[in-house]
>>> print(open('start-v1.txt').read())   # compact mmCIF, C-alpha atoms
# COMPACT_ATOMS: atom_id res chain seq x y z
CA MET A 1 17.67 -2.94 -2.38
CA LYS A 2 15.62 -0.36 -0.48
CA LYS A 3 15.28 -1.16 3.19
CA LYS A 4 11.66 -1.81 4.13
CA THR A 5 10.16 0.37 6.83
CA LYS A 6 7.76 -0.71 9.55
CA VAL A 7 5.03 0.67 7.32
CA SER A 8 5.51 -2.08 4.74
CA LYS A 9 6.06 -4.83 7.31
CA LYS A 10 2.85 -4.55 9.31
CA LYS A 11 -0.47 -4.82 7.56
CA LEU A 12 -2.36 -2.86 10.20
CA ASP A 13 0.11 -0.01 9.88
CA SER A 14 0.05 -0.02 6.10
CA LEU A 15 -3.37 1.56 5.64
CA LEU A 16 -3.03 4.62 3.46
CA LEU A 17 -6.54 5.73 2.68
CA VAL A 18 -10.08 4.86 3.57
CA LEU A 19 -12.77 6.62 1.60
CA LEU A 20 -16.47 6.17 2.30
CA LEU A 21 -19.31 7.69 0.35
CA THR A 22 -22.90 6.94 1.28
CA ALA A 23 -25.39 7.75 -1.45
CA VAL A 24 -29.18 7.59 -1.32
CA LEU A 25 -30.40 6.52 -4.74
CA LEU A 26 -33.86 7.88 -5.58
CA ILE A 27 -34.44 7.01 -9.22
CA MET A 28 -37.64 7.68 -11.17
CA SER A 29 -37.77 7.30 -14.91
CA THR A 30 -39.57 6.29 -18.04
CA TYR A 31 -38.67 2.91 -19.46
CA ALA A 32 -35.18 3.74 -20.68
CA TRP A 33 -31.61 3.77 -19.40
CA PHE A 34 -30.73 7.32 -20.37
CA THR A 35 -33.51 9.68 -19.32
CA ALA A 36 -33.80 13.17 -17.87
CA ASN A 37 -36.16 11.87 -15.20
CA ARG A 38 -33.73 9.28 -13.90
CA THR A 39 -32.00 10.82 -10.91
CA VAL A 40 -29.82 9.64 -8.08
CA SER A 41 -30.24 11.87 -5.04
CA ILE A 42 -27.28 11.89 -2.72
CA GLY A 43 -28.29 12.04 0.93
CA ASN A 44 -26.07 11.97 4.00
CA LEU A 45 -23.01 12.11 1.76
CA ASP A 46 -20.12 11.15 4.00
CA VAL A 47 -16.55 11.26 2.75
CA ARG A 48 -13.91 10.14 5.20
CA ILE A 49 -10.31 9.53 4.26
CA GLU A 50 -7.78 8.34 6.84
CA THR A 51 -4.03 7.98 6.61
CA GLN A 52 -1.48 6.34 8.90
CA SER A 53 2.22 5.56 9.13
CA GLY A 54 3.56 8.83 7.80
CA LEU A 55 1.38 9.32 4.74
CA GLN A 56 -0.60 12.57 4.78
CA ILE A 57 -3.58 13.66 2.75
CA SER A 58 -5.00 17.03 1.77
CA ALA A 59 -7.86 18.46 -0.27
CA ASP A 60 -5.89 21.62 -1.15
CA ALA A 61 -2.18 20.66 -0.87
CA GLU A 62 -1.97 23.06 2.08
CA ASP A 63 -3.86 21.68 5.07
CA TRP A 64 -2.28 18.27 5.65
CA LYS A 65 -3.96 15.79 7.99
CA THR A 66 -4.65 12.13 8.61
CA VAL A 67 -8.42 12.38 8.24
CA LEU A 68 -10.13 14.12 5.32
CA GLU A 69 -13.87 14.80 5.50
CA LEU A 70 -16.46 15.84 2.93
CA LYS A 71 -16.33 19.41 4.26
CA ASP A 72 -12.63 19.56 3.36
CA LEU A 73 -13.48 18.75 -0.27
CA GLN A 74 -16.28 21.32 -0.27
CA ASP A 75 -14.15 24.05 1.30
CA ALA A 76 -11.17 23.40 -0.97
CA THR A 77 -13.14 23.81 -4.17
CA GLN A 78 -14.93 26.94 -2.97
CA LYS A 79 -11.68 28.55 -1.85
CA TYR A 80 -9.44 27.49 -4.74
CA LYS A 81 -11.88 26.79 -7.58
CA GLU A 82 -9.45 28.24 -10.11
CA ASN A 83 -7.31 25.12 -9.51
CA ILE A 84 -9.63 22.67 -7.70
CA VAL A 85 -12.96 21.62 -9.20
CA ASN A 86 -14.64 19.13 -6.87
CA GLN A 87 -18.05 18.23 -8.26
CA LEU A 88 -20.16 17.05 -5.30
CA PRO A 89 -23.82 16.96 -6.40
CA VAL A 90 -26.87 16.04 -4.34
CA VAL A 91 -28.48 14.58 -7.47
CA MET A 92 -26.85 12.11 -9.83
CA GLU A 93 -28.10 10.82 -13.16
CA PRO A 94 -26.64 8.10 -15.40
CA VAL A 95 -23.83 9.20 -17.66
CA SER A 96 -21.50 7.31 -19.99
CA THR A 97 -17.82 7.48 -20.86
CA VAL A 98 -15.14 5.65 -22.81
CA LEU A 99 -12.49 6.99 -20.39
CA GLU A 100 -11.14 9.59 -22.78
CA LYS A 101 -9.82 12.81 -21.28
CA ASN A 102 -10.52 16.46 -21.88
CA GLY A 103 -7.56 18.24 -20.34
CA ASN A 104 -7.30 17.13 -16.70
CA SER A 105 -10.86 15.77 -16.57
CA MET A 106 -12.59 12.75 -18.01
CA LYS A 107 -15.12 13.12 -20.82
CA MET A 108 -18.59 12.21 -19.54
CA PHE A 109 -21.78 12.25 -21.59
CA TYR A 110 -25.20 12.86 -20.08
CA GLY A 111 -28.09 11.53 -22.11
CA VAL A 112 -31.83 11.24 -22.36
CA THR A 113 -34.14 9.01 -24.34
CA GLU A 114 -37.41 9.79 -26.03
CA PRO A 115 -39.97 7.53 -27.69
CA GLU A 116 -39.36 7.29 -31.42
CA SER A 117 -43.00 8.29 -31.92
CA GLU A 118 -46.17 8.58 -29.84
CA THR A 119 -47.06 4.96 -30.57
CA SER A 120 -43.58 3.44 -30.80
CA THR A 121 -42.02 1.20 -28.16
CA ASN A 122 -38.54 2.14 -29.42
CA PHE A 123 -36.48 4.92 -27.85
CA VAL A 124 -34.12 7.42 -29.45
CA ILE A 125 -30.91 8.42 -27.62
CA THR A 126 -29.48 11.93 -27.32
CA SER A 127 -26.37 12.93 -25.39
CA THR A 128 -24.36 16.03 -24.47
CA GLU A 129 -20.86 16.32 -23.07
CA GLU A 130 -20.71 17.39 -19.44
CA THR A 131 -18.69 20.30 -18.08
CA GLU A 132 -17.57 19.73 -14.51
CA GLU A 133 -18.61 22.45 -12.09
CA ALA A 134 -17.11 23.22 -8.70
CA TYR A 135 -19.23 22.76 -5.60
CA ASP A 136 -20.77 26.17 -4.88
CA GLY A 137 -22.12 25.74 -1.36
CA THR A 138 -25.78 25.70 -2.41
CA GLU A 139 -28.35 23.07 -1.51
CA SER A 140 -28.50 21.93 -5.14
CA PRO A 141 -24.95 21.97 -6.53
CA ALA A 142 -24.47 21.12 -10.20
CA GLY A 143 -23.33 17.84 -11.69
CA HIS A 144 -24.63 14.40 -12.58
CA TYR A 145 -21.70 12.42 -11.11
CA ILE A 146 -19.07 12.74 -8.38
CA ALA A 147 -15.52 13.95 -9.17
CA PHE A 148 -12.91 15.30 -6.75
CA ASP A 149 -9.17 15.80 -6.25
CA ILE A 150 -6.97 14.50 -3.45
CA TYR A 151 -3.27 15.09 -2.71
CA LEU A 152 -1.06 12.45 -1.06
CA LYS A 153 2.27 13.22 0.57
CA SER A 154 4.79 10.49 1.28
CA GLY A 155 8.36 10.75 2.51
CA ASN A 156 9.44 7.66 0.58
CA ALA A 157 8.70 6.03 -2.72
CA GLU A 158 6.52 2.96 -2.14
CA LYS A 159 6.95 -0.06 -4.37
CA ASP A 160 3.39 -1.37 -4.03
CA LEU A 161 0.01 0.31 -3.79
CA TYR A 162 -3.34 -1.48 -3.75
CA MET A 163 -6.91 -0.28 -4.08
CA SER A 164 -9.94 -2.11 -2.76
CA GLY A 165 -13.51 -1.39 -1.74
CA ASN A 166 -17.09 -2.21 -2.62
CA VAL A 167 -20.41 -0.85 -3.77
CA VAL A 168 -23.34 -2.28 -1.82
CA GLU A 169 -27.07 -1.67 -1.69
CA LEU A 170 -28.64 -0.52 1.57
CA GLU A 171 -32.10 -0.97 3.01
CA LEU A 172 -34.44 1.85 2.01
CA ASN A 173 -35.52 2.69 5.56
CA ASN A 174 -32.12 2.08 7.13
CA PRO A 175 -29.21 3.82 5.36
CA ASP A 176 -26.71 2.05 7.64
CA LYS A 177 -27.80 -1.54 6.97
CA VAL A 178 -26.66 -3.52 3.96
CA ILE A 179 -29.27 -5.70 2.25
CA GLU A 180 -28.15 -9.19 3.24
CA ASP A 181 -30.22 -11.08 0.65
CA PRO A 182 -28.97 -10.23 -2.87
CA THR A 183 -32.31 -11.34 -4.36
CA LYS A 184 -33.94 -8.37 -2.63
CA GLU A 185 -31.58 -5.83 -4.20
CA LYS A 186 -32.88 -3.62 -6.99
CA GLY A 187 -29.51 -3.74 -8.71
CA ILE A 188 -28.36 -0.14 -9.19
CA THR A 189 -25.01 -0.99 -7.60
CA ASN A 190 -24.38 -3.36 -10.52
CA ALA A 191 -24.26 -0.32 -12.83
CA SER A 192 -21.84 1.64 -10.63
CA ARG A 193 -18.34 2.58 -11.70
CA ILE A 194 -15.28 4.05 -9.98
CA ALA A 195 -12.29 5.55 -11.79
CA ILE A 196 -9.08 7.22 -10.70
CA ILE A 197 -6.76 9.40 -12.76
CA PRO A 198 -3.16 9.46 -11.50
CA GLY A 199 -1.53 12.85 -11.62
CA ASP A 200 1.80 14.60 -11.39
CA ASN A 201 4.21 14.28 -8.50
CA LYS A 202 6.41 17.00 -7.06
CA LYS A 203 8.74 17.44 -4.10
CA SER A 204 7.56 20.83 -2.93
CA GLU A 205 6.14 22.44 0.20
CA ASP A 206 4.65 25.39 -1.68
CA ALA A 207 0.88 24.79 -1.62
CA GLU A 208 0.10 27.46 -4.20
CA ASP A 209 2.69 25.99 -6.54
CA LEU A 210 1.34 22.45 -6.04
CA ARG A 211 -2.26 23.48 -6.71
CA ALA A 212 -1.27 25.38 -9.84
CA THR A 213 1.22 22.93 -11.35
CA LEU A 214 0.12 19.41 -10.43
CA LYS A 215 -2.17 18.03 -13.14
CA THR A 216 -4.04 14.74 -13.47
CA GLY A 217 -2.40 13.90 -16.75
CA GLY A 218 -2.32 10.12 -16.42
CA THR A 219 -4.46 7.49 -18.09
CA PRO A 220 -7.86 6.95 -16.38
CA MET A 221 -8.14 3.60 -14.61
CA MET A 222 -11.66 2.21 -14.17
CA TRP A 223 -13.04 -0.42 -11.83
CA GLU A 224 -16.32 -2.25 -12.42
CA PRO A 225 -17.51 -4.00 -9.25
CA ASN A 226 -20.31 -6.61 -9.18
CA ASN A 227 -19.62 -7.55 -12.79
CA ASP A 228 -21.28 -11.00 -12.66
CA TYR A 229 -24.59 -10.22 -10.92
CA HIS A 230 -27.86 -9.27 -12.64
CA THR A 231 -31.47 -9.00 -11.55
CA SER A 232 -34.39 -10.54 -13.44
CA LYS A 233 -35.50 -7.02 -14.44
CA ALA A 234 -32.08 -6.27 -15.94
CA ILE A 235 -32.27 -9.48 -17.96
CA VAL A 236 -35.68 -8.51 -19.35
CA TYR A 237 -34.25 -5.08 -20.20
CA ASP A 238 -31.30 -6.72 -21.95
CA GLU A 239 -33.49 -9.08 -23.97
CA LYS A 240 -36.61 -7.10 -24.77
CA THR A 241 -35.96 -3.36 -24.40
CA VAL A 242 -32.56 -2.98 -26.04
CA GLY A 243 -32.48 -6.41 -27.69
CA TRP A 244 -28.84 -7.14 -26.92
CA ASN A 245 -29.66 -10.54 -25.37
CA HIS A 246 -26.44 -11.62 -23.67
CA GLY A 247 -27.99 -14.91 -22.53
CA LEU A 248 -27.79 -14.02 -18.83
CA ARG A 249 -29.22 -15.80 -15.83
CA GLU A 250 -30.51 -14.19 -12.65
CA GLY A 251 -28.04 -13.82 -9.80
CA ALA A 252 -24.27 -14.26 -9.67
CA GLY A 253 -21.91 -16.32 -11.81
CA ASN A 254 -22.51 -14.66 -15.17
CA SER A 255 -19.67 -14.00 -17.56
CA GLU A 256 -18.38 -10.44 -17.65
CA ILE A 257 -20.13 -8.25 -20.22
CA ALA A 258 -18.11 -6.07 -22.56
CA TYR A 259 -19.96 -2.87 -23.43
CA ASP A 260 -19.64 0.26 -25.55
CA GLY A 261 -19.71 3.70 -23.93
CA VAL A 262 -20.72 7.04 -25.40
CA LYS A 263 -17.82 9.01 -26.89
CA ALA A 264 -19.51 11.90 -28.72
CA PRO A 265 -22.64 14.09 -28.58
CA ILE A 266 -25.78 12.60 -30.15
CA THR A 267 -28.60 14.76 -31.49
CA LEU A 268 -32.26 13.85 -31.73
CA ALA A 269 -32.18 14.41 -35.48
CA GLU A 270 -29.66 11.56 -35.85
CA GLY A 271 -32.36 9.13 -34.72
CA ILE A 272 -30.13 6.57 -33.01
CA LEU A 273 -32.27 3.91 -31.35
CA LEU A 274 -31.54 2.60 -27.88
CA GLY A 275 -30.70 -0.88 -29.14
CA ASP A 276 -28.29 0.57 -31.71
CA GLY A 277 -26.13 2.20 -29.06
CA THR A 278 -23.05 0.20 -30.04
CA ALA A 279 -19.75 0.79 -31.76
CA THR A 280 -20.77 -1.73 -34.41
CA ALA A 281 -23.81 0.30 -35.40
CA HIS A 282 -22.36 3.79 -34.81
CA SER A 283 -18.59 3.82 -34.44
CA ASP A 284 -18.54 7.63 -34.47
CA LYS A 285 -20.71 7.81 -31.32
CA PHE A 286 -19.78 4.71 -29.30
CA ALA A 287 -16.58 2.82 -28.51
CA PRO A 288 -15.60 -0.24 -26.43
CA VAL A 289 -14.79 0.54 -22.80
CA HIS A 290 -11.50 -0.91 -21.58
CA LYS A 291 -11.74 -1.76 -17.88
CA THR A 292 -8.62 -1.68 -15.74
CA TRP A 293 -10.12 -3.95 -13.09
CA SER A 294 -13.34 -5.95 -12.94
CA THR A 295 -14.51 -7.98 -9.95
CA SER A 296 -17.42 -10.26 -9.15
CA LYS A 297 -19.99 -9.58 -6.46
CA ASN A 298 -18.34 -12.00 -4.04
CA ASP A 299 -14.86 -10.61 -4.70
CA THR A 300 -15.77 -6.93 -4.36
CA SER A 301 -14.78 -6.53 -0.71
CA THR A 302 -11.87 -8.98 -0.67
CA SER A 303 -9.87 -8.30 -3.82
CA ASP A 304 -6.96 -5.88 -3.99
CA LEU A 305 -6.70 -3.95 -7.24
CA VAL A 306 -3.02 -3.60 -8.07
CA MET A 307 -2.13 0.01 -8.89
CA PRO A 308 0.23 0.32 -11.87
CA LYS A 309 3.81 1.48 -11.37
CA ASN A 310 4.34 5.13 -12.24
CA ALA A 311 7.64 6.05 -10.60
CA THR A 312 11.00 4.67 -9.52
CA THR A 313 12.69 4.38 -6.15
CA PRO A 314 16.15 5.88 -5.50
CA SER A 315 17.58 2.40 -6.07
CA GLY A 316 15.93 2.21 -9.50
CA GLU A 317 13.05 -0.14 -8.61
CA SER A 318 9.62 0.47 -10.08
CA ALA A 319 7.27 2.17 -7.62
CA ALA A 320 3.52 2.70 -7.49
CA LEU A 321 3.73 5.79 -5.30
CA ALA A 322 6.51 8.35 -5.67
CA ALA A 323 8.03 10.34 -2.82
CA GLY A 324 6.67 13.86 -2.43
CA VAL A 325 3.15 15.06 -3.25
CA THR A 326 1.03 13.20 -5.80
CA LYS A 327 -2.33 14.34 -7.13
CA TYR A 328 -5.20 11.97 -7.95
CA ARG A 329 -8.69 12.61 -9.33
CA VAL A 330 -11.51 10.24 -8.32
CA TYR A 331 -14.75 9.63 -10.26
CA MET A 332 -17.91 7.78 -9.18
CA TRP A 333 -20.92 7.41 -11.45
CA ILE A 334 -23.84 5.29 -12.69
CA GLU A 335 -23.03 3.94 -16.17
CA GLY A 336 -26.00 4.44 -18.48
CA GLN A 337 -24.76 1.87 -21.02
CA ASP A 338 -24.83 -0.87 -18.38
CA ILE A 339 -27.85 -3.17 -18.73
CA ASP A 340 -28.34 -2.98 -14.96
CA CYS A 341 -29.18 0.72 -15.24
CA GLU A 342 -32.90 0.12 -15.78
CA ASN A 343 -36.17 1.29 -14.27
CA TYR A 344 -36.65 -1.24 -11.52
CA ALA A 345 -33.34 -0.19 -9.97
CA SER A 346 -34.96 3.09 -8.91
CA GLY A 347 -35.68 3.98 -5.32
CA SER A 348 -32.66 2.22 -3.79
CA ARG A 349 -29.68 3.28 -1.68
CA ALA A 350 -26.05 2.48 -2.17
CA ARG A 351 -22.75 2.91 -0.36
CA TYR A 352 -19.39 3.24 -2.06
CA THR A 353 -16.19 2.43 -0.19
CA LEU A 354 -12.67 2.87 -1.50
CA ASN A 355 -9.42 1.95 0.22
CA PHE A 356 -5.74 2.29 -0.63
CA SER A 357 -3.06 0.28 1.19
CA LEU A 358 0.58 -0.70 0.89
CA ASP A 359 0.05 -4.39 1.64
CA SER A 360 -2.28 -6.80 -0.12
CA ALA A 361 -4.95 -8.27 2.15
CA GLY A 362 -6.88 -10.37 -0.38
CA THR A 363 -6.83 -11.70 -3.91
CA GLN A 364 -4.76 -9.49 -6.18
CA VAL A 365 -6.41 -8.25 -9.38
CA ASN A 366 -3.83 -6.96 -11.83
CA PRO A 367 -4.60 -4.31 -14.44
CA LYS A 368 -5.91 -5.75 -17.69
>>> encode(input="start-v1.txt", output="C-alpha cells")
Amino acid sequence: MKKKTKVSKKKLDSLLLVLLLTAVLLIMSTYAWFTANRTVSIGNLDVRIETQSGLQISADAEDWKTVLELKDLQDATQKYKENIVNQLPVVMEPVSTVLEKNGNSMKMFYGVTEPESETSTNFVITSTEETEEAYDGTESPAGHYIAFDIYLKSGNAEKDLYMSGNVVELELNNPDKVIEDPTKEKGITNASRIAIIPGDNKKSEDAEDLRATLKTGGTPMMWEPNNDYHTSKAIVYDEKTVGWNHGLREGAGNSEIAYDGVKAPITLAEGILLGDGTATAHSDKFAPVHKTWSTSKNDTSTSDLVMPKNATTPSGESAALAAGVTKYRVYMWIEGQDIDCENYASGSRARYTLNFSLDSAGTQVNPK
C-alpha cells in the first residue's frame, strides 16, 4: 500500500488547480439557436490557475509555477504555436459537438439558421466544422469557443483526482456580482458546457520533447452544469420554436434532458429544419451526446466530479494522475443544441470556475 503524503491527508493542502474564467456574454440574434448574429463577447477574461503541495503547472511545459495566468496561455501559443494551439477568442458563438475527436482536438460545428422562406416561421440549419486557431495577439483573435492546453507535473502518482466548479450568471452592470435571484437570470449559463481531454504522460524534463510528443489522445469528458433549470423563455422555445416539447416547468427540479449534437457539416441545400435537428430525423448529421457528468443548479458548486483512473501507482493501484508531466486540453462553449440557447438569453454575463483537487469536499459524481 502506498504511504499517503501530507498532501492527501489535509484538505486545505490538497488543492491542485483553480481555474477562473470571467466572460461577458453579449448576445444578439434572430429567433433561432444557431445564428451568425448570436455572439458571446468575452470581456475581462481572467484565467488563474493555482497549485499547491508540490504539484506544478505550466502553459508550455517549460516555465513551471504555482500560478498560471491568462497571459501565460497567450504567450505560450504565440511562442510555440507549432505545438500549442490555445484558442482564446474575445467573441464566442454557439457551437455543437458530439465529443468526437479530430486528431488531438475535439470536433466542433459552428452553425447558422435562416428562414425557410420570406414568409415562413420555420428555420433551416447549416453547419461547418471549426478549425482551431492559435491566439495571435490581436484585439479580435479567431474562434467561437475557448480551448487551451495545460501541463501538470507531479512527483507521485495520485490515486484520486476530483474536478468541481460552476457556471453562474452575473449582473450586467457589475461583472463581479452573481445574480442572487435565479428568476432574474436570462439563462445562458444553462447552455454552457465544459470538457477536458486527458493526454499523454511522460517522465521528462525536456520541455521541447514534452511539447512535441505529449498528445491529448484520451476520450473527451464533458460536464453539463445547471442541467435541471430552465427559464420560461426556454420553455416557449422548446415547445413552439423547435417543437420538441419536453414538458418542462420554469425553474429548478426538471429531469435531465438528453439531446443530440451536430456531428457533420450541413448545407443549406439539404433543407434541414430546426425542429428536425435530431438523430432520429437525420442520423447522418446528428448523434446523441454522452455526458460524463451532469449536475443540477444547486449541486454545481458543491459536487466533486470524479476523474477516471488512467494510470497505476508503483504498487499497482489504479491512479487518476500519473507521476511526471501530464497534458490536458480544456474546452468551454455554449451548446447550440441546448434549448436554453435561445434569444432571450442574450445580453448577459457569465463566470466559469473550474477546480481540481486530491480530496473530495462535496457530493461525489461518478462518470456515467
>>> atom_distance(input="start-v1.txt", atom1="CA of Val95 (chain A)", atom2="CA of Leu214 (chain A)")
27.0 Å
>>> closest_residue(input="start-v1.txt", among="A:Gly362, A:Gly165, A:Pro314, A:Gly324", to="Ser204 (chain A)", atoms="all atoms listed in the file")
A:Gly324
>>> residues_near_point(input="start-v1.txt", point="(-18.2, 5.9, -7.3)", cutoff="9 Å", atoms="all atoms listed in the file", output="VMD selection string")
chain A and resid 21 145 to 147 167 192 to 195 330 to 334 351 to 354
>>> write_last_selection(input="start-v1.txt", atoms="C-alpha atoms", output="mmCIF file, keeping the file's coordinate frame")
data_model
loop_
_atom_site.group_PDB
_atom_site.id
_atom_site.type_symbol
_atom_site.label_atom_id
_atom_site.label_comp_id
_atom_site.auth_asym_id
_atom_site.auth_seq_id
_atom_site.Cartn_x
_atom_site.Cartn_y
_atom_site.Cartn_z
ATOM 1 C CA LEU A 21 -19.310 7.690 0.350
ATOM 2 C CA TYR A 145 -21.700 12.420 -11.110
ATOM 3 C CA ILE A 146 -19.070 12.740 -8.380
ATOM 4 C CA ALA A 147 -15.520 13.950 -9.170
ATOM 5 C CA VAL A 167 -20.410 -0.850 -3.770
ATOM 6 C CA SER A 192 -21.840 1.640 -10.630
ATOM 7 C CA ARG A 193 -18.340 2.580 -11.700
ATOM 8 C CA ILE A 194 -15.280 4.050 -9.980
ATOM 9 C CA ALA A 195 -12.290 5.550 -11.790
ATOM 10 C CA VAL A 330 -11.510 10.240 -8.320
ATOM 11 C CA TYR A 331 -14.750 9.630 -10.260
ATOM 12 C CA MET A 332 -17.910 7.780 -9.180
ATOM 13 C CA TRP A 333 -20.920 7.410 -11.450
ATOM 14 C CA ILE A 334 -23.840 5.290 -12.690
ATOM 15 C CA ARG A 351 -22.750 2.910 -0.360
ATOM 16 C CA TYR A 352 -19.390 3.240 -2.060
ATOM 17 C CA THR A 353 -16.190 2.430 -0.190
ATOM 18 C CA LEU A 354 -12.670 2.870 -1.500
#
>>> closest_residue(input="start-v1.txt", among="A:Met222, A:Ala361, A:Ile272, A:Ala61", to="Thr97 (chain A)", atoms="all atoms listed in the file")
A:Met222
>>> closest_residue(input="start-v1.txt", among="A:Lys79, A:Lys184, A:His282, A:Lys203", to="Ala134 (chain A)", atoms="only C-alpha atoms")
A:Lys79
>>> closest_residue(input="start-v1.txt", among="A:Leu99, A:Ala350, A:Val325, A:Ile57", to="Lys202 (chain A)", atoms="all atoms listed in the file")
A:Val325
>>> closest_residue(input="start-v1.txt", among="A:Glu62, A:Asp238, A:Glu224, A:Asp149", to="Lys327 (chain A)", atoms="only C-alpha atoms")
A:Asp149
>>> atom_distance(input="start-v1.txt", atom1="CA of Ser58 (chain A)", atom2="CA of Asn201 (chain A)")
14.1 Å
>>> atom_distance(input="start-v1.txt", atom1="CA of Val112 (chain A)", atom2="CA of Ser127 (chain A)")
6.5 Å
>>> closest_residue(input="start-v1.txt", among="A:Ser232, A:Asn156, A:Asn227, A:Ser140", to="Asn190 (chain A)", atoms="all atoms listed in the file")
A:Asn227
>>> residues_near_point(input="start-v1.txt", point="(-2.6, -2.2, -8.9)", cutoff="6 Å", atoms="only C-alpha atoms", output="list in words")
Tyr162, Leu305, Val306, Met307, Pro308 and Asn366 of chain A
>>> write_last_selection(input="start-v1.txt", atoms="C-alpha atoms", output="CSV table (one decimal), keeping the file's coordinate frame")
chain,number,residue,atom,x,y,z
A,162,TYR,CA,-3.3,-1.5,-3.8
A,305,LEU,CA,-6.7,-4.0,-7.2
A,306,VAL,CA,-3.0,-3.6,-8.1
A,307,MET,CA,-2.1,0.0,-8.9
A,308,PRO,CA,0.2,0.3,-11.9
A,366,ASN,CA,-3.8,-7.0,-11.8
>>> residues_around(input="start-v1.txt", residues="Gln87 (chain A)", least_positions_apart="4", cutoff="12 Å", atoms="all atoms listed in the file", output="VMD selection string")
chain A and resid 70 73 to 78 81 91 to 92 105 130 to 137 140 to 149 329 to 333
>>> axis_aligned_box(input="start-v1.txt", around="region 274-285 of chain A", padding_each_side="3 Å", output="JSON")
{"center_x": -25.0, "center_y": 3.0, "center_z": -31.6, "size_x": 19.0, "size_y": 15.5, "size_z": 13.5}
>>> residues_around(input="start-v1.txt", residues="Glu114 (chain A)", least_positions_apart="4", cutoff="7 Å", atoms="only C-alpha atoms", output="VMD selection string")
chain A and resid 123 to 125
>>> residues_around(input="start-v1.txt", residues="Ser296 (chain A)", least_positions_apart="5", cutoff="10 Å", atoms="all atoms listed in the file", output="PyMOL selection string")
chain A and resi 190+224-229+252-256+301+303
>>> write_last_selection(input="start-v1.txt", atoms="C-alpha atoms", output="PDB file, in the frame of the given file")
ATOM      1  CA  ASN A 190     -24.380  -3.360 -10.520  1.00  0.00           C
ATOM      2  CA  GLU A 224     -16.320  -2.250 -12.420  1.00  0.00           C
ATOM      3  CA  PRO A 225     -17.510  -4.000  -9.250  1.00  0.00           C
ATOM      4  CA  ASN A 226     -20.310  -6.610  -9.180  1.00  0.00           C
ATOM      5  CA  ASN A 227     -19.620  -7.550 -12.790  1.00  0.00           C
ATOM      6  CA  ASP A 228     -21.280 -11.000 -12.660  1.00  0.00           C
ATOM      7  CA  TYR A 229     -24.590 -10.220 -10.920  1.00  0.00           C
ATOM      8  CA  ALA A 252     -24.270 -14.260  -9.670  1.00  0.00           C
ATOM      9  CA  GLY A 253     -21.910 -16.320 -11.810  1.00  0.00           C
ATOM     10  CA  ASN A 254     -22.510 -14.660 -15.170  1.00  0.00           C
ATOM     11  CA  SER A 255     -19.670 -14.000 -17.560  1.00  0.00           C
ATOM     12  CA  GLU A 256     -18.380 -10.440 -17.650  1.00  0.00           C
ATOM     13  CA  SER A 301     -14.780  -6.530  -0.710  1.00  0.00           C
ATOM     14  CA  SER A 303      -9.870  -8.300  -3.820  1.00  0.00           C
TER      15      SER A 303
END
>>> residues_around(input="start-v1.txt", residues="Thr213 (chain A)", least_positions_apart="3", cutoff="10 Å", atoms="all atoms listed in the file", output="VMD selection string")
chain A and resid 83 200 to 202 207 to 210 216
